[in-house]
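S.K.: If you scroll down you'll find the structure; I have some questions about it.
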Amino acid sequence: MAKGIWIIAEQRGGTLRKISFELVSEGRRLADQSGQPLAAIVIGHQIGEEAKKLAAYGAETIYIADAPELAAYTPEAYTAVLAELIKANEPDIVLGGASQQGKELAAKLAARLSTGLAMDCVGLRLEDGLLVAKRPMYAGKIYAEVVCETARPQMVTARPNVFAILEPDTNRTAETVPVPVSLKPEDLRTTLVEELADQSGKVDLTEATCIVSGGRGMKGSENFIILEKLAAIIGASVGASRSAVDAGWRPHTDQVGQTGKVVNPNLYIACGISGAIQHLAGMGSSKVIVAVNKDADAPIFQKADYGIVGDLFEVVPVLEEEFKKIM
Amino acid sequence: MNILTCIKQVPDTETQIKIDSGGKGIQTADIKWVMNPYDEFGVEEALRIKEKTGGKVTVIGVGPQRVVESLRTALAMGADEAIHVDDPAADGGDALAMARVLAAAVKGVPFDLIFCGQRAVDDDNAQVGAALSEQLQIPLLSVITKVEISEDKTKVKVHRPVEGATWVLETSLPALITTQKGLNEPRYASLPGIMKAKKKPLTAKKLGDLGLSPDQVGEAGSKLKIRSLTPPPERQPGKIVEGETIQEKGLLLVKLLREEAKII
Ligand SMILES: Cc1cc2nc3c(=O)[nH]c(=O)nc-3n(C[C@H](O)[C@H](O)[C@H](O)COP(=O)(O)OP(=O)(O)OC[C@H]3O[C@@H](n4cnc5c(N)ncnc54)[C@H](O)[C@@H]3O)c2cc1C
């Protein structure tokens with residue numbers, strides 16, 4: 001019978017990503033409720049020491065698949081390693097991250113294992129041993145509860161920034177288990193040729209805890225400097241509406257919304273953004289929303305926790321000054 | 001190059017989504033349906049590659065009769081042929097069940113490359129492309145913003161944005177690519193295109209034609225089941241920050257964020 005809760009940790013360049021700690025923390029909570037053991041899987045090259053960090057968050061076993069071919073993530077190789085390990089050990093539940101890498105990996109893995117996968121979940125609970133996963137659909141216009149009753153493992157990916165990270169307890173230890181790696185030629189068809197680092201050096205929008213976004217009201221790419229300055233003070237990343245992206249003021253990777261990124265910050269400051277339904281789809285679940293708009297009837301004010309009616313070119317510099325005083 | 005593009009029809013993004021009386025689906029009356037926005041990028045990219053290398057573009061859609069509209073749109077944009085799997089038993093399945101239908105539908109159709117949208121904007125599932133790549137045992141490249149086919153047409157190199165970086169990946173053909181905004185600007189169907197589309201082959205298929213039985217697909221063939229749908233939690237109506245001057249408003253906002261929202 002299937003047993004145990006597993007989390008698929010995510011590393012890049014040999015360092016565990018924040019989502020890994022969110023996953024192991026949520027895995028711990030589920031393990032405590034169900035009395036099942038918690039294991040983490042880390043795949044990469046020379047990642048043994050880094051992997052051990054997961055023990056402090058409650059992982060009891062840490063499987064480590066270490067090989068030069070696994071240094072950089074590729075879907076085929078990582079899927080092959082995970083599928084074999086899961087078939088051999090039959091865990092009941094497998095949690096992955098709904099990050100760029102995690103979504104792809106989980107989808108491929110679930111298909112290979114012929115099991116159900118609940119993608120991009122914002123809530124998980126156990127009910128009579130069954131994992132009930134809550135996930136937004138229709139760009140957040142509906143929430144669904146989904147279950148995988150018969151197939152095993154039950155698989156989900158967790159949306160970044162949603163599940164709280166536990167306080168690490170360095171007294172906790174875990175057993176580390178090396179995973180034998182044997183890859184077939186077809187597992188190595190895809191290779192990473194090169195990684196082009198994002199020049200901004202800012203936290204990616206999907207992982208940012210604070211975002212300042214600009215829309216058509218910004219009137220031009222050169223004006224985004226005022227958002228950049230405010231963002232620097234409060235440690236935010238800068239996002240944009242589709243209008244700003246389509247006008248060529250910001251790159252596609254900055255777009256927030258239905259056809260852009262779905263973000264989950266603690267604070268989202270929307271400047272010169274009207275609040276179209278497709279934009280709200282991307283930022284509607286931010287913990288606190290602030291809107292700056294000169295039109296008092298802009299729909300964004302219906303969703304914002306705090307609104308300032310005014311010209312953003314006057315308001316944003318004032319906010320920068322006020323935040324500077326307290327940060 | 002022979003290229004396949006999968007197309008899903010979804011509610012227009014402006015649509016107010018309402019839960020139906022059964023509580024597990026949505027009300028579909030009066031919905032305006034459109035081609036999934038991400039699938040438009042797939043059609044466009046397929047056409048651009050064909051224009052460079054020659055070959056053929058086939059579009060595939062699963063769903064009721066109305067899906068023909070989206071398939072005709074793709075034909076009007078320039079695709080050569082369409083396959084429509086029109087069988088109620090195939091609807092409403094999870095990614096595995098849908099990939100099973102698509103894999104069966106493309107059996108016998110030669111291809112070098114398949115495009116799928118990185119996700120459909122209705123179920124936001126982001127799984128069908130991956131599941132199809134598994135069924136067909138071909139490499140998967142997800143959420144792609146740039147596609148380059150090698151001179152000898154045996155390999156493809158792509159750009160894939162991830163958090164804080166872009167990965168340049170290379171794989172062998174045939175492969176499956178899921179598309180992301182930034183890949184291209186989809187063209188509109190021209191009037192001559194629309195006229196020509198009417199004469200292009202559009203083949204309707206039933207599950208039986210694909211060698212599938214109803215229990216392998218749709219809800220019956222799904223592992224993941226919807227238990228309930230609910231509206232999202234309502235946001236409390238917000239506060240407009242008042243003040244005589246912009247300075248006063250700014251000061252008050254920062255105070256509220258710190259003391260009331262406790263976010264700073
Ligand atoms: C299929 C589809 C997908 C889409 N996906 C997305 C998506 O992912 N993300 C997205 O954002 N949109 C998306 N859209 C577009 C969306 O419908 C809106 O067109 C877009 O969000 C509007 O952007 P905006 O708010 O910046 O511009 P506008 O709607 O033009 O609003 C600009 C706002 O700025 C205010 N303003 C102007 N000057 C000032 C000033 N000096 N000071 C203060 N306020 C000022 C105005 O009052 C106005 O409210 C999509 C649309 C479709 C059809």
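Simple scheme: letters A, B, ... for chains in structure tokens order, numbers from 1 for residues in each chain, numbers from 1 for ligands in the order shown.
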Could the residues that lie within 9 Å of ligand 1, counting only C-alpha atoms and all ligand atoms, be listed as a ChimeraX atom specification?
M.R.: /A:214-219,240-245,255-262,270-282,292-300,309-315 /B:12-14,34,36-38,121
S.K.: Any idea which chain B residues end up within 7 Å of chain A if we count only C-alpha atoms, as a PyMOL selection string please?
M.R.: chain B and resi 13-14+17+96+121-125+127+130-131+134+139+142+162-172+181-182+223-232+235+237-241+246-247+250-251+254+263
S.K.: So that I can check the secondary structure, give me every residue of stretch 68-190 of chain A assigned strand (DSSP E or B) by backbone DSSP, as a VMD selection string.
M.R.: chain A and resid 93 to 97 117 to 121 123 to 127 130 to 137 142 to 148 154 to 158 175 to 178
S.K.: Any chance you can output those residues with N, CA, C and O atoms as a short mmCIF file (atom, residue, chain, number, x, y, z; two decimals), in the first residue's frame?
M.R.:
```cif
data_model
loop_
_atom_site.label_atom_id
_atom_site.label_comp_id
_atom_site.auth_asym_id
_atom_site.auth_seq_id
_atom_site.Cartn_x
_atom_site.Cartn_y
_atom_site.Cartn_z
N ILE A 93 1.59 10.43 -1.34
CA ILE A 93 1.39 11.83 -1.78
C ILE A 93 2.74 12.39 -2.26
O ILE A 93 3.76 12.16 -1.61
N VAL A 94 2.73 13.10 -3.37
CA VAL A 94 3.94 13.77 -3.86
C VAL A 94 3.63 15.24 -4.10
O VAL A 94 2.69 15.57 -4.84
N LEU A 95 4.39 16.13 -3.44
CA LEU A 95 4.20 17.57 -3.61
C LEU A 95 5.36 18.14 -4.42
O LEU A 95 6.52 17.87 -4.13
N GLY A 96 5.01 18.94 -5.42
CA GLY A 96 6.03 19.67 -6.17
C GLY A 96 5.69 21.15 -6.14
O GLY A 96 4.63 21.55 -5.66
N GLY A 97 6.57 21.98 -6.67
CA GLY A 97 6.31 23.42 -6.69
C GLY A 97 5.67 23.83 -8.01
O GLY A 97 6.00 23.29 -9.06
N LEU A 117 -2.90 14.84 -11.23
CA LEU A 117 -2.08 15.94 -10.70
C LEU A 117 -2.95 17.19 -10.57
O LEU A 117 -3.55 17.64 -11.55
N ALA A 118 -3.00 17.74 -9.37
CA ALA A 118 -3.69 19.02 -9.15
C ALA A 118 -2.65 20.13 -9.24
O ALA A 118 -1.74 20.20 -8.43
N MET A 119 -2.78 20.99 -10.25
CA MET A 119 -1.74 21.99 -10.54
C MET A 119 -2.01 23.30 -9.81
O MET A 119 -3.15 23.73 -9.69
N ASP A 120 -0.93 23.91 -9.33
CA ASP A 120 -0.97 25.30 -8.84
C ASP A 120 -1.94 25.48 -7.67
O ASP A 120 -2.81 26.36 -7.70
N CYS A 121 -1.78 24.65 -6.65
CA CYS A 121 -2.75 24.65 -5.55
C CYS A 121 -2.46 25.77 -4.54
O CYS A 121 -1.33 26.15 -4.31
N GLY A 123 -4.36 25.58 -1.48
CA GLY A 123 -4.78 25.02 -0.19
C GLY A 123 -4.79 23.50 -0.28
O GLY A 123 -5.16 22.94 -1.32
N LEU A 124 -4.35 22.84 0.79
CA LEU A 124 -4.33 21.38 0.81
C LEU A 124 -4.88 20.93 2.16
O LEU A 124 -4.57 21.51 3.19
N ARG A 125 -5.72 19.89 2.14
CA ARG A 125 -6.14 19.29 3.41
C ARG A 125 -6.39 17.81 3.22
O ARG A 125 -6.61 17.34 2.10
N LEU A 126 -6.32 17.08 4.33
CA LEU A 126 -6.56 15.65 4.28
C LEU A 126 -7.96 15.37 4.80
O LEU A 126 -8.39 15.96 5.78
N GLU A 127 -8.65 14.47 4.10
CA GLU A 127 -9.99 14.11 4.52
C GLU A 127 -10.09 12.59 4.37
O GLU A 127 -10.05 12.10 3.24
N LEU A 130 -7.59 11.09 2.16
CA LEU A 130 -7.55 11.58 0.78
C LEU A 130 -7.10 13.04 0.78
O LEU A 130 -7.53 13.82 1.63
N LEU A 131 -6.23 13.38 -0.16
CA LEU A 131 -5.75 14.75 -0.24
C LEU A 131 -6.74 15.59 -1.06
O LEU A 131 -7.00 15.29 -2.22
N VAL A 132 -7.31 16.60 -0.41
CA VAL A 132 -8.25 17.48 -1.11
C VAL A 132 -7.48 18.76 -1.43
O VAL A 132 -6.99 19.45 -0.54
N ALA A 133 -7.34 19.04 -2.73
CA ALA A 133 -6.52 20.16 -3.17
C ALA A 133 -7.40 21.27 -3.71
O ALA A 133 -8.35 21.02 -4.45
N LYS A 134 -7.08 22.49 -3.32
CA LYS A 134 -7.84 23.65 -3.79
C LYS A 134 -7.02 24.40 -4.82
O LYS A 134 -5.84 24.69 -4.56
N ARG A 135 -7.61 24.66 -5.97
CA ARG A 135 -6.86 25.36 -7.02
C ARG A 135 -7.75 26.34 -7.77
O ARG A 135 -8.92 26.08 -8.01
N PRO A 136 -7.20 27.49 -8.12
CA PRO A 136 -7.97 28.46 -8.91
C PRO A 136 -8.11 28.00 -10.35
O PRO A 136 -7.20 27.39 -10.92
N MET A 137 -9.28 28.26 -10.93
CA MET A 137 -9.50 28.01 -12.36
C MET A 137 -10.06 29.30 -12.95
O MET A 137 -10.43 30.21 -12.23
N ILE A 142 -12.97 31.20 -10.27
CA ILE A 142 -13.57 30.03 -9.61
C ILE A 142 -12.46 29.30 -8.86
O ILE A 142 -11.33 29.26 -9.33
N TYR A 143 -12.81 28.75 -7.70
CA TYR A 143 -11.88 27.84 -7.02
C TYR A 143 -12.47 26.44 -7.07
O TYR A 143 -13.66 26.26 -6.84
N ALA A 144 -11.63 25.46 -7.38
CA ALA A 144 -12.09 24.08 -7.45
C ALA A 144 -11.43 23.27 -6.34
O ALA A 144 -10.27 23.50 -6.00
N GLU A 145 -12.19 22.31 -5.79
CA GLU A 145 -11.58 21.30 -4.93
C GLU A 145 -11.51 20.02 -5.74
O GLU A 145 -12.51 19.58 -6.31
N VAL A 146 -10.32 19.47 -5.83
CA VAL A 146 -10.12 18.29 -6.67
C VAL A 146 -9.49 17.16 -5.85
O VAL A 146 -8.78 17.42 -4.87
N VAL A 147 -9.78 15.93 -6.25
CA VAL A 147 -9.24 14.76 -5.57
C VAL A 147 -8.81 13.71 -6.59
O VAL A 147 -9.31 13.68 -7.71
N CYS A 148 -7.88 12.88 -6.18
CA CYS A 148 -7.45 11.75 -7.00
C CYS A 148 -7.73 10.50 -6.16
O CYS A 148 -6.97 10.18 -5.25
N GLN A 154 -0.94 10.52 -5.06
CA GLN A 154 -1.73 11.73 -5.26
C GLN A 154 -0.72 12.84 -5.45
O GLN A 154 0.14 13.04 -4.61
N MET A 155 -0.82 13.55 -6.56
CA MET A 155 0.20 14.56 -6.85
C MET A 155 -0.39 15.96 -6.90
O MET A 155 -1.48 16.17 -7.45
N VAL A 156 0.33 16.92 -6.34
CA VAL A 156 -0.07 18.33 -6.45
C VAL A 156 1.16 19.19 -6.65
O VAL A 156 2.27 18.79 -6.29
N THR A 157 0.97 20.36 -7.25
CA THR A 157 2.01 21.39 -7.17
C THR A 157 1.44 22.56 -6.38
O THR A 157 0.25 22.88 -6.48
N ALA A 158 2.31 23.18 -5.58
CA ALA A 158 1.90 24.27 -4.70
C ALA A 158 2.33 25.61 -5.29
O ALA A 158 3.48 25.76 -5.72
N GLU A 175 17.73 11.03 7.64
CA GLU A 175 18.55 9.99 7.03
C GLU A 175 18.72 10.37 5.55
O GLU A 175 17.74 10.71 4.88
N THR A 176 19.96 10.35 5.07
CA THR A 176 20.14 10.64 3.64
C THR A 176 20.33 9.33 2.89
O THR A 176 21.05 8.44 3.33
N VAL A 177 19.65 9.23 1.76
CA VAL A 177 19.68 8.00 0.97
C VAL A 177 20.13 8.34 -0.45
O VAL A 177 19.45 9.07 -1.17
N PRO A 178 21.32 7.86 -0.87
CA PRO A 178 21.75 8.13 -2.25
C PRO A 178 20.89 7.33 -3.24
O PRO A 178 20.56 6.17 -2.97
#
```
S.K.: Between atom CA of A:Gly35 and atom CA of A:Gly58, what is the distance in Å, rounded to a tenth?
M.R.: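 Atom CA of A:Gly58 lies at a distance of 12.9 Å from atom CA of A:Gly35.
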S.K.: Under the rule that only C-alpha atoms are counted, which of B:Leu113, B:Met1, B:Leu207, B:Ala261 is the nearest residue to B:Val101?
M.R.: B:Leu207
S.K.: Using only C-alpha atoms, which protein or nucleic acid residues come within 8 Å of stretch 184-196 of chain B? Drop anything in the same chain fewer than 5 positions from it, and give the result as a ChimeraX atom specification.
M.R.: /B:40-41,43-45,72-78,145
